[in-house]
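Quick look at entry28.txt (compact mmCIF, C-alpha atoms):
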```
# COMPACT_ATOMS: atom_id res chain seq x y z
CA MET A 242 -123.29 -122.27 -113.68
CA GLY A 243 -125.23 -122.30 -110.42
CA PRO A 244 -127.64 -122.99 -108.90
CA LEU A 245 -126.49 -126.38 -110.23
CA PHE A 246 -129.50 -128.53 -109.36
CA ILE A 247 -132.05 -126.03 -110.57
CA LEU A 248 -130.38 -125.56 -113.95
CA SER A 249 -129.47 -129.22 -114.46
CA ASP A 250 -132.77 -130.71 -113.27
CA ALA A 251 -130.94 -133.15 -110.97
CA PRO A 252 -132.86 -136.16 -109.65
CA LEU A 253 -134.48 -135.76 -106.25
CA TRP A 254 -132.03 -138.04 -104.43
CA VAL A 255 -129.04 -135.92 -105.50
CA ASP A 256 -130.67 -132.80 -104.08
CA LEU A 257 -131.64 -134.59 -100.84
CA LEU A 258 -128.16 -136.09 -100.42
CA THR A 259 -126.70 -132.60 -100.88
CA ALA A 260 -129.16 -131.32 -98.29
CA PHE A 261 -127.92 -133.93 -95.82
CA LEU A 262 -124.24 -133.10 -96.49
CA ILE A 263 -124.90 -129.36 -96.22
CA GLY A 264 -126.77 -130.07 -92.98
CA ILE A 265 -123.73 -131.88 -91.58
CA ALA A 266 -121.52 -128.89 -92.40
CA PHE A 267 -124.18 -126.53 -90.96
CA GLY A 268 -124.39 -128.46 -87.69
CA PHE A 269 -120.60 -128.72 -87.49
CA ALA A 270 -120.19 -124.94 -88.00
CA LEU A 271 -122.87 -124.13 -85.38
CA GLU A 272 -121.31 -126.47 -82.82
CA GLN A 273 -117.77 -125.20 -83.45
CA ALA A 274 -119.05 -121.64 -82.98
CA GLY A 275 -120.16 -122.69 -79.48
CA PHE A 276 -123.88 -122.56 -80.30
CA SER A 277 -124.65 -125.89 -78.66
CA SER A 278 -124.69 -123.96 -75.36
CA SER A 279 -127.85 -122.02 -74.50
CA ARG A 280 -126.01 -119.97 -71.88
CA LYS A 281 -123.50 -118.85 -74.49
CA LEU A 282 -126.30 -117.94 -76.92
CA ALA A 283 -128.25 -116.04 -74.25
CA GLY A 284 -125.11 -114.05 -73.42
CA MET A 285 -125.93 -111.98 -76.49
CA PHE A 286 -128.88 -110.43 -74.65
CA TYR A 287 -127.05 -109.69 -71.39
CA GLY A 288 -123.74 -108.54 -72.90
CA TYR A 289 -121.44 -111.17 -71.40
CA ASP A 290 -120.92 -113.09 -74.64
CA THR A 291 -121.60 -111.59 -78.08
CA THR A 292 -120.46 -114.51 -80.22
CA VAL A 293 -123.95 -114.73 -81.75
CA LEU A 294 -123.73 -111.32 -83.37
CA LYS A 295 -120.19 -111.86 -84.64
CA VAL A 296 -120.88 -115.27 -86.18
CA PHE A 297 -124.30 -114.28 -87.53
CA PHE A 298 -123.20 -111.13 -89.33
CA THR A 299 -119.89 -112.60 -90.53
CA ALA A 300 -121.78 -115.55 -92.04
CA ALA A 301 -124.49 -113.44 -93.72
CA ILE A 302 -121.92 -111.05 -95.19
CA PHE A 303 -119.61 -113.89 -96.29
CA ALA A 304 -122.44 -115.56 -98.22
CA LEU A 305 -123.75 -112.25 -99.57
CA VAL A 306 -120.36 -111.04 -100.84
CA GLY A 307 -119.53 -114.54 -102.11
CA SER A 308 -122.76 -114.75 -104.09
CA LEU A 309 -122.24 -111.28 -105.60
CA PHE A 310 -118.73 -112.31 -106.73
CA LEU A 311 -120.01 -115.59 -108.16
CA GLN A 312 -122.62 -113.62 -110.09
CA TYR A 313 -120.01 -111.10 -111.28
CA PHE A 314 -117.90 -113.93 -112.73
CA GLY A 315 -120.97 -115.54 -114.30
CA LEU A 316 -120.89 -118.58 -112.01
CA ILE A 317 -124.38 -118.23 -110.53
CA ASP A 318 -127.70 -116.78 -111.65
CA LEU A 319 -128.97 -115.07 -108.50
CA ASN A 320 -132.41 -114.62 -110.09
CA LEU A 321 -132.87 -118.37 -109.61
CA VAL A 322 -131.93 -118.32 -105.91
CA TYR A 323 -134.92 -118.24 -103.58
CA VAL A 324 -135.71 -114.81 -102.09
CA ASN A 325 -137.97 -114.82 -99.02
CA GLU A 326 -141.49 -113.54 -99.59
CA TYR A 327 -142.31 -110.46 -97.57
CA TYR A 328 -145.56 -110.53 -95.58
CA VAL A 329 -145.13 -107.39 -93.46
CA GLY A 330 -147.35 -108.23 -90.47
CA ALA A 331 -146.35 -111.89 -90.31
CA ALA A 332 -142.63 -111.08 -90.50
CA ILE A 333 -142.84 -108.58 -87.63
CA VAL A 334 -145.24 -110.45 -85.31
CA GLY A 335 -143.58 -113.79 -86.09
CA GLY A 336 -140.20 -112.25 -85.29
CA ILE A 337 -141.46 -110.88 -81.96
CA ILE A 338 -142.85 -114.30 -80.97
CA MET A 339 -139.53 -115.88 -81.97
CA GLY A 340 -137.59 -113.37 -79.85
CA ALA A 341 -139.70 -114.31 -76.82
CA GLY A 342 -139.01 -117.98 -77.54
CA PHE A 343 -135.29 -117.24 -77.88
CA ILE A 344 -134.99 -115.65 -74.43
CA MET A 345 -137.10 -118.35 -72.77
CA GLY A 346 -135.48 -121.32 -74.44
CA GLY A 347 -131.98 -120.03 -75.15
CA PHE A 348 -131.87 -121.76 -78.52
CA CYS A 349 -133.18 -121.13 -81.99
CA PRO A 350 -134.38 -124.18 -83.97
CA GLY A 351 -131.06 -124.75 -85.78
CA THR A 352 -128.85 -124.40 -82.71
CA GLY A 353 -131.34 -126.47 -80.69
CA ILE A 354 -131.11 -129.42 -83.10
CA CYS A 355 -127.30 -129.07 -83.14
CA ALA A 356 -127.25 -129.14 -79.31
CA VAL A 357 -129.42 -132.29 -79.26
CA GLY A 358 -126.59 -133.81 -81.33
CA ILE A 359 -124.08 -133.41 -78.49
CA GLY A 360 -126.49 -134.64 -75.82
CA LYS A 361 -128.08 -131.52 -74.32
CA ILE A 362 -131.32 -132.64 -72.71
CA ASP A 363 -132.63 -129.08 -72.42
CA ALA A 364 -132.23 -128.81 -76.20
CA LEU A 365 -134.31 -131.96 -76.60
CA PHE A 366 -137.10 -130.31 -74.59
CA PHE A 367 -136.73 -127.23 -76.78
CA LEU A 368 -137.20 -129.47 -79.83
CA PHE A 369 -140.28 -131.15 -78.26
CA GLY A 370 -141.68 -127.66 -77.68
CA GLY A 371 -140.92 -126.91 -81.33
CA PHE A 372 -143.00 -129.88 -82.51
CA VAL A 373 -145.89 -128.68 -80.34
CA GLY A 374 -145.45 -125.14 -81.69
CA ALA A 375 -145.61 -126.34 -85.30
CA PHE A 376 -148.70 -128.42 -84.45
CA LEU A 377 -150.45 -125.48 -82.73
CA PHE A 378 -149.66 -123.27 -85.72
CA ALA A 379 -151.18 -125.78 -88.13
CA GLU A 380 -154.32 -126.14 -85.97
CA SER A 381 -154.72 -122.39 -85.44
CA PHE A 382 -153.95 -121.52 -89.05
CA PRO A 383 -157.62 -121.19 -90.16
CA TYR A 384 -158.14 -118.46 -87.54
CA ILE A 385 -155.03 -116.46 -88.39
CA ALA A 386 -154.82 -117.16 -92.13
CA GLU A 387 -156.01 -113.70 -93.07
CA PHE A 388 -153.31 -112.01 -91.01
CA ALA A 389 -150.60 -114.55 -91.90
CA SER A 390 -151.14 -114.09 -95.62
CA GLY A 391 -151.97 -110.40 -95.54
CA TYR A 392 -149.88 -107.29 -96.23
CA TYR A 393 -148.06 -109.18 -98.99
CA LYS A 394 -145.26 -107.36 -100.78
CA GLY A 395 -143.69 -110.20 -102.78
CA PRO A 396 -140.04 -111.36 -102.73
CA THR A 397 -138.72 -107.82 -102.40
CA LYS A 398 -135.05 -106.93 -102.01
CA ILE A 399 -134.06 -104.32 -99.46
CA ASN A 400 -131.57 -102.53 -101.70
CA GLU A 401 -134.22 -102.11 -104.41
CA TRP A 402 -136.64 -100.73 -101.83
CA MET A 403 -133.93 -98.19 -100.87
CA GLY A 404 -133.16 -97.49 -104.52
CA ILE A 405 -129.47 -98.45 -104.38
CA SER A 406 -127.38 -101.22 -105.95
CA ALA A 407 -126.74 -104.54 -104.22
CA GLY A 408 -123.03 -103.73 -104.03
CA LEU A 409 -123.53 -100.37 -102.35
CA PHE A 410 -125.98 -101.81 -99.83
CA THR A 411 -123.49 -104.59 -99.05
CA LEU A 412 -120.77 -102.00 -98.44
CA PHE A 413 -123.03 -100.17 -95.96
CA LEU A 414 -123.86 -103.47 -94.27
CA ILE A 415 -120.15 -104.30 -93.88
CA ILE A 416 -119.47 -100.86 -92.35
CA ILE A 417 -122.37 -101.31 -89.89
CA ALA A 418 -121.21 -104.83 -89.02
CA VAL A 419 -117.61 -103.74 -88.35
CA ALA A 420 -118.90 -100.92 -86.13
CA MET A 421 -121.05 -103.44 -84.21
CA PHE A 422 -118.11 -105.85 -83.87
CA TRP A 423 -116.01 -103.03 -82.41
CA LEU A 424 -118.81 -102.08 -79.97
CA THR A 425 -119.46 -105.64 -78.84
CA GLU A 426 -115.75 -106.30 -78.26
CA LYS A 427 -115.77 -103.24 -76.00
CA ALA A 428 -118.99 -104.35 -74.28
CA GLU A 429 -117.53 -107.77 -73.49
CA LYS A 430 -114.56 -106.07 -71.84
CA ALA A 431 -116.74 -103.52 -70.02
CA PHE A 432 -119.29 -106.01 -68.62
CA PRO A 433 -117.35 -109.21 -68.15
CA LYS A 434 -119.01 -112.12 -66.39
CA PRO A 435 -116.05 -114.46 -65.96
CA GLU A 436 -118.05 -116.71 -63.63
CA ILE A 437 -120.30 -117.55 -66.57
CA THR A 438 -117.94 -117.37 -69.55
CA ASN A 439 -115.22 -119.42 -67.82
CA GLU A 440 -117.75 -122.11 -67.15
CA LEU A 441 -118.95 -122.34 -70.76
CA MET B 1045 -113.32 -121.55 -82.58
CA ASN B 1046 -112.71 -117.88 -83.23
CA PRO B 1047 -116.19 -116.37 -83.89
CA TYR B 1048 -115.18 -114.62 -87.13
CA LEU B 1049 -113.65 -117.83 -88.45
CA ALA B 1050 -116.79 -119.75 -87.42
CA GLY B 1051 -118.82 -117.08 -89.23
CA CYS B 1052 -116.81 -117.63 -92.44
CA LEU B 1053 -117.34 -121.39 -92.12
CA LEU B 1054 -121.09 -120.92 -91.63
CA GLY B 1055 -121.17 -118.40 -94.51
CA SER B 1056 -119.46 -120.84 -96.88
CA VAL B 1057 -122.02 -123.53 -95.97
CA LEU B 1058 -124.82 -121.06 -96.77
CA LEU B 1059 -123.11 -120.11 -100.05
CA ALA B 1060 -122.86 -123.81 -100.96
CA ALA B 1061 -126.62 -124.23 -100.38
CA MET B 1062 -127.25 -121.26 -102.68
CA TYR B 1063 -124.83 -122.53 -105.36
CA PHE B 1064 -125.97 -126.16 -105.42
CA SER B 1065 -129.66 -126.03 -104.56
CA GLY B 1066 -130.58 -122.38 -105.15
CA ARG B 1067 -131.81 -121.89 -101.60
CA GLY B 1068 -130.69 -120.91 -98.12
CA LEU B 1069 -130.35 -122.90 -94.92
CA GLY B 1070 -133.29 -123.67 -92.64
CA ALA B 1071 -134.31 -125.45 -89.47
CA SER B 1072 -137.88 -124.78 -88.36
CA GLY B 1073 -139.23 -125.94 -91.73
CA GLY B 1074 -137.88 -129.43 -91.08
CA VAL B 1075 -139.74 -129.51 -87.75
CA LYS B 1076 -142.94 -128.53 -89.57
CA TYR B 1077 -142.62 -131.29 -92.21
CA ALA B 1078 -142.13 -133.85 -89.44
CA VAL B 1079 -145.33 -132.68 -87.69
CA VAL B 1080 -147.32 -132.54 -90.94
CA SER B 1081 -146.19 -136.05 -91.76
CA VAL B 1082 -147.18 -137.43 -88.34
CA VAL B 1083 -150.62 -135.77 -88.48
CA GLY B 1084 -151.11 -137.18 -91.98
CA ALA B 1085 -150.35 -140.68 -90.72
CA VAL B 1086 -152.27 -140.51 -87.42
CA ALA B 1087 -155.32 -138.54 -88.53
CA PRO B 1088 -155.55 -138.75 -92.35
CA GLU B 1089 -159.15 -137.47 -92.43
CA HIS B 1090 -158.28 -134.44 -90.38
CA ALA B 1091 -155.27 -133.73 -92.63
CA GLU B 1092 -157.42 -134.07 -95.74
CA LYS B 1093 -160.07 -131.64 -94.51
CA SER B 1094 -157.64 -129.02 -93.27
CA VAL B 1095 -156.60 -126.32 -95.74
CA TYR B 1096 -153.21 -126.22 -94.07
CA TYR B 1097 -152.25 -129.90 -94.03
CA SER B 1098 -153.85 -130.86 -97.33
CA SER B 1099 -151.57 -128.46 -99.21
CA TYR B 1100 -148.64 -130.71 -98.20
CA PHE B 1101 -150.22 -133.91 -99.45
CA ASN B 1102 -151.40 -133.01 -102.93
CA GLY B 1103 -148.03 -133.20 -104.69
CA GLU B 1104 -146.08 -136.24 -105.86
CA LYS B 1105 -143.57 -135.97 -103.05
CA LYS B 1106 -144.29 -137.06 -99.50
CA PRO B 1107 -143.78 -134.35 -96.83
CA LEU B 1108 -140.65 -136.09 -95.55
CA GLN B 1109 -139.01 -136.17 -98.99
CA ASN B 1110 -137.98 -132.64 -98.42
CA TRP B 1111 -134.71 -130.73 -98.60
CA LEU B 1112 -135.13 -129.28 -95.11
CA VAL B 1113 -135.90 -132.63 -93.49
CA PHE B 1114 -132.66 -134.14 -94.84
CA GLU B 1115 -130.78 -130.98 -93.95
CA ILE B 1116 -131.81 -131.01 -90.27
CA LEU B 1117 -130.92 -134.71 -90.01
CA GLY B 1118 -127.51 -133.58 -91.21
CA VAL B 1119 -127.42 -130.81 -88.57
CA LEU B 1120 -127.98 -133.44 -85.89
CA ALA B 1121 -125.12 -135.55 -87.30
CA GLY B 1122 -122.87 -132.51 -87.83
CA GLY B 1123 -123.38 -131.35 -84.25
CA PHE B 1124 -122.51 -134.85 -83.04
CA ILE B 1125 -119.34 -135.02 -85.20
CA SER B 1126 -118.18 -131.59 -84.00
CA GLY B 1127 -118.94 -132.50 -80.37
CA ALA B 1128 -116.95 -135.75 -80.71
CA PHE B 1129 -114.12 -133.84 -82.38
CA SER B 1130 -113.93 -131.26 -79.57
CA GLY B 1131 -114.73 -133.60 -76.67
CA ARG B 1132 -118.12 -132.06 -75.83
CA LEU B 1133 -120.37 -135.11 -76.09
CA LYS B 1134 -122.21 -135.39 -72.81
CA LEU B 1135 -125.78 -135.99 -71.67
CA LYS B 1136 -126.48 -132.88 -69.66
CA ILE B 1137 -129.11 -130.32 -68.68
CA GLU B 1138 -127.30 -127.02 -68.97
CA HIS B 1139 -128.70 -124.31 -66.71
CA SER B 1140 -127.70 -121.36 -64.59
CA PRO B 1141 -126.91 -122.40 -61.00
CA LYS B 1142 -129.65 -119.98 -59.92
CA ILE B 1143 -132.46 -122.08 -61.41
CA SER B 1144 -133.35 -125.75 -61.06
CA ALA B 1145 -132.96 -128.26 -63.89
CA LYS B 1146 -136.75 -128.71 -63.89
CA LYS B 1147 -137.35 -125.01 -64.43
CA ARG B 1148 -134.76 -124.99 -67.22
CA LEU B 1149 -136.53 -127.86 -69.01
CA LEU B 1150 -139.92 -126.16 -68.67
CA PHE B 1151 -138.62 -122.91 -70.14
CA ALA B 1152 -136.71 -124.76 -72.87
CA PHE B 1153 -139.98 -126.46 -73.86
CA LEU B 1154 -141.91 -123.17 -73.85
CA GLY B 1155 -139.12 -121.46 -75.78
CA GLY B 1156 -139.23 -124.09 -78.49
CA LEU B 1157 -143.00 -123.82 -78.68
CA PHE B 1158 -142.94 -120.04 -79.10
CA PHE B 1159 -139.96 -120.05 -81.46
CA VAL B 1160 -141.36 -122.55 -83.94
CA TYR B 1161 -144.87 -121.05 -83.79
CA GLY B 1162 -143.38 -117.63 -84.65
CA ALA B 1163 -141.20 -119.18 -87.34
CA GLN B 1164 -144.24 -120.70 -89.08
CA LEU B 1165 -145.92 -117.30 -89.08
CA ALA B 1166 -142.83 -115.47 -90.36
CA ARG B 1167 -142.06 -118.31 -92.81
CA GLY B 1168 -138.63 -118.97 -91.41
CA CYS B 1169 -136.55 -118.81 -88.25
CA THR B 1170 -133.10 -117.38 -87.51
CA SER B 1171 -131.65 -119.65 -90.22
CA GLY B 1172 -134.26 -119.60 -92.95
CA ALA B 1173 -135.61 -116.08 -92.59
CA ALA B 1174 -132.94 -113.96 -90.89
CA LEU B 1175 -129.57 -115.46 -91.95
CA SER B 1176 -130.46 -116.81 -95.38
CA GLY B 1177 -132.81 -113.88 -96.02
CA MET B 1178 -130.08 -111.35 -95.34
CA ALA B 1179 -127.65 -113.18 -97.62
CA VAL B 1180 -130.05 -112.70 -100.57
CA LEU B 1181 -130.86 -109.12 -99.48
CA SER B 1182 -134.53 -109.94 -98.92
CA THR B 1183 -136.48 -107.25 -97.06
CA ALA B 1184 -138.29 -109.97 -95.12
CA GLY B 1185 -134.94 -111.30 -93.86
CA PHE B 1186 -133.81 -107.97 -92.48
CA VAL B 1187 -137.20 -107.16 -90.92
CA THR B 1188 -137.44 -110.61 -89.28
CA MET B 1189 -133.85 -110.34 -87.98
CA VAL B 1190 -134.54 -106.95 -86.34
CA ALA B 1191 -137.84 -108.24 -84.90
CA ILE B 1192 -136.24 -111.39 -83.39
CA PHE B 1193 -133.28 -109.66 -81.79
CA GLY B 1194 -135.24 -106.55 -80.77
CA SER B 1195 -137.92 -108.65 -79.09
CA ALA B 1196 -135.35 -110.85 -77.32
CA TYR B 1197 -133.69 -107.72 -75.91
CA LEU B 1198 -137.09 -106.37 -74.79
CA PHE B 1199 -138.01 -109.60 -73.00
CA ALA B 1200 -134.48 -110.20 -71.65
CA TRP B 1201 -135.22 -108.20 -68.50
CA PHE B 1202 -138.18 -110.43 -67.55
CA PHE B 1203 -136.21 -113.64 -67.90
CA ARG B 1204 -132.87 -112.40 -66.51
CA LYS B 1205 -133.05 -114.70 -63.50
CA ASN B 1206 -132.95 -117.70 -65.81
CA TRP B 1207 -129.58 -116.67 -67.21
CA ILE B 1208 -127.58 -114.25 -65.04
```

Can you dump the structure from the file as structure tokens?
Amino acid sequence: MGPLFILSDAPLWVDLLTAFLIGIAFGFALEQAGFSSSRKLAGMFYGYDTTVLKVFFTAAIFALVGSLFLQYFGLIDLNLVYVNEYYVGAAIVGGIIMGAGFIMGGFCPGTGICAVGIGKIDALFFLFGGFVGAFLFAESFPYIAEFASGYYKGPTKINEWMGISAGLFTLFLIIIAVAMFWLTEKAEKAFPKPEITNEL
Amino acid sequence: MNPYLAGCLLGSVLLAAMYFSGRGLGASGGVKYAVVSVVGAVAPEHAEKSVYYSSYFNGEKKPLQNWLVFEILGVLAGGFISGAFSGRLKLKIEHSPKISAKKRLLFAFLGGLFFVYGAQLARGCTSGAALSGMAVLSTAGFVTMVAIFGSAYLFAWFFRKNWI
């Protein structure tokens, strides 16, 4: 039963080797999706290329539905899988700062590292900026600690907050995602920018 | 690759991380551990005094012996393998013809700075907080996802000349 390395108390090197192999698959998937191109990623915010939304929601729903099935068949204990802690203010303000970084840099950290892998020099500068960002956060932490650690709600689940089952919430999420896929397919046809998408 | 197929591939990688290691994917965390490790080596006294850095040095493991650090090294290799596979390996500064390469590099740098700063605050980026968070139905994941994309749409108008 999963999570294998939590239940079996695997040695550290096994977990780290798995991390490396999963990373390879992660980088491969991102690059195959076309995410090593900042202009393709940025297309999401100007309507000429909505691959980001399609890949992102398909992936989240695939893993979500997959994990619910694994749990249903007794193959994974989802209570042992990490659930992100919810700090309300930090999640919102951090997300807003990240969105600004996204539109300036055209990458997110994962896609940026993947793009460095195929030789994008702009991605390398994005990564340098990332190191500086992490350093500035560490140095400024004493001044923002109260806000960063405030408004703490714990590792809450959104379906529990809404008072519905995980399965029902997932169904709603799938319906919303399919509606968004339909809309974005229409948007790409309505606002084509062949001079950009042909080049990518 | 077809985006829905790529999504299924990415989703199965995320599911594998959950099944084997009981966690989601991440990226910005690996950047943080690298910085923490460098500060610890260059300025050990500073790292010891700081509440932030010292929390990473009091365990048995070194900051670089971390799941996320090995994972992002894999991402670098995986990107390279995929690029070789599809004939996309090339040293290049990709930018809109309307801006100079220099301007692109400056904004790429600033973008990385903002993104990782925000990711430290929100305790995860698009991978660790939004994607992996949504897959485990965490409220934080959904809130962070809406904040990232909403904010990028809001700021898109100001930076439109960089892209379109």

From atom CA of B:Ala1196 to atom CA of B:Ala1152 the spacing works out at 14.7 Å

Could you list, with a cut-off of 7 Å and counting all atoms listed in the file, the residues of stretch 1172-1202 of chain B near stretch 395-402 of chain A, each shown with its nearest atom pair and the distance in Å rounded to one decimal, rows sorted by chain and ascending number, as a tab-separated table?
```
residue	atom	partner	partner_atom	distance
B:Leu1181	CA	A:Lys398	CA	5.4
B:Ser1182	CA	A:Lys398	CA	4.3
B:Thr1183	CA	A:Ile399	CA	4.5
```

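We find atom CA of B:Ser1144 and atom CA of A:Ile437 to be spaced 16.4 Å apart.
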
I'd like the contact shell of B:Leu1108 - 12 Å cut-off, all atoms listed in the file, skipping same-chain residues fewer than 5 positions apart - returned as JSON, numbers by chain. {"A": [257], "B": [1073, 1074, 1075, 1076, 1077, 1078, 1079, 1080, 1081, 1082, 1084, 1085, 1100, 1101, 1113, 1114, 1115, 1116, 1117]}

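Minimum atom-to-atom distance to chain B, evaluated using all atoms listed in the file, belongs to A:Met345 out of A:Met421, A:Met345, A:Ala386, A:Met403.
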
Report task. Please provide the set of residues having any atom within 8 Å of A:Ser278, restricted to only C-alpha atoms, with same-chain residues fewer than 2 positions apart removed, written as an MDAnalysis selection string. Result -> (chainID A and resid 275:276 280:282 356 441) or (chainID B and resid 1138)

Would you pick out the contacts of stretch 1155-1170 of chain B at 8 Å or less, using all atoms listed in the file, so that residues sharing its chain but fewer than 4 positions from it are not included, and give the list as an NGL selection string?
(:A and (328 or 331-351 or 366-375 or 377-378 or 389)) or (:B and (1070-1073 or 1076 or 1151 or 1174-1175 or 1188-1189 or 1192))

Discussion item. Could you tell me how far atom CA of B:Trp1207 sits from atom CA of A:Gly268, in Å to one decimal place?
Written reply: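 Those two atoms sit 24.2 Å apart.
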
May I have the protein, DNA and RNA residues with an atom at most 12 Å from (-115.6, -133.8, -84.5), counting only C-alpha atoms in the file's coordinates, returned as an mmCIF file with C-alpha atoms, in the frame of the given file?
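Final output, saved to selection-v5.cif:
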```cif
data_model
loop_
_atom_site.group_PDB
_atom_site.id
_atom_site.type_symbol
_atom_site.label_atom_id
_atom_site.label_comp_id
_atom_site.auth_asym_id
_atom_site.auth_seq_id
_atom_site.Cartn_x
_atom_site.Cartn_y
_atom_site.Cartn_z
ATOM 1 C CA ILE A 265 -123.730 -131.880 -91.580
ATOM 2 C CA ALA A 266 -121.520 -128.890 -92.400
ATOM 3 C CA GLY A 268 -124.390 -128.460 -87.690
ATOM 4 C CA PHE A 269 -120.600 -128.720 -87.490
ATOM 5 C CA ALA A 270 -120.190 -124.940 -88.000
ATOM 6 C CA GLU A 272 -121.310 -126.470 -82.820
ATOM 7 C CA GLN A 273 -117.770 -125.200 -83.450
ATOM 8 C CA GLY A 358 -126.590 -133.810 -81.330
ATOM 9 C CA ILE A 359 -124.080 -133.410 -78.490
ATOM 10 C CA ALA B 1121 -125.120 -135.550 -87.300
ATOM 11 C CA GLY B 1122 -122.870 -132.510 -87.830
ATOM 12 C CA GLY B 1123 -123.380 -131.350 -84.250
ATOM 13 C CA PHE B 1124 -122.510 -134.850 -83.040
ATOM 14 C CA ILE B 1125 -119.340 -135.020 -85.200
ATOM 15 C CA SER B 1126 -118.180 -131.590 -84.000
ATOM 16 C CA GLY B 1127 -118.940 -132.500 -80.370
ATOM 17 C CA ALA B 1128 -116.950 -135.750 -80.710
ATOM 18 C CA PHE B 1129 -114.120 -133.840 -82.380
ATOM 19 C CA SER B 1130 -113.930 -131.260 -79.570
ATOM 20 C CA GLY B 1131 -114.730 -133.600 -76.670
ATOM 21 C CA ARG B 1132 -118.120 -132.060 -75.830
ATOM 22 C CA LEU B 1133 -120.370 -135.110 -76.090
#
```

- Query: A:Leu245: which residues within 7 Å, counting only C-alpha atoms, same-chain residues fewer than 2 positions away excluded, as number ranges by chain?
  - Reply: A: 242-243, 247-249; B: 1063-1065

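Nearest-residue note for chain A: choosing from B:Pro1107, B:Gly1118, B:Gly1068, B:Gly1172, the minimum distance belongs to B:Gly1118, counting only C-alpha atoms.
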
inquiry  = Could you check the closest approach to A:Phe298 for each of B:Leu1150, B:Cys1052, B:Ile1143, B:Met1045 and tell me which residue wins, using all atoms listed in the file?
reply    =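 Of all the options, B:Cys1052 lies closest to A:Phe298.
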
### Task
Identify which of the residues B:Phe1153, B:Phe1186, B:Trp1111, B:Trp1201 lies closest to A:Phe261, counting all atoms listed in the file when measuring atom-to-atom distances.
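Looking at the shortest contact to A:Phe261, the residue is B:Trp1111.
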
Counting all atoms listed in the file, the residue of A:Thr299, A:Thr292, A:Lys361, A:Ser308 that sits nearest B:Arg1148: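 Smallest separation from B:Arg1148 among the options: A:Lys361.
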
Next item on the list: Determine the nearest neighbour of chain B from the options A:Gln312, A:Cys355, A:Gly288, A:Val255, counting all atoms listed in the file.
Entry: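 The answer is A:Cys355, which sits nearest to chain B.
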
May I have the residues at most 12 Å from (-112.0, -116.0, -89.6) in the file's coordinates, counting all atoms listed in the file, as a list of chain:residue names? A:Ala274, A:Lys295, A:Val296, A:Thr299, A:Ala300, A:Phe303, B:Met1045, B:Asn1046, B:Pro1047, B:Tyr1048, B:Leu1049, B:Ala1050, B:Gly1051, B:Cys1052, B:Leu1053, B:Leu1054, B:Gly1055, B:Ser1056
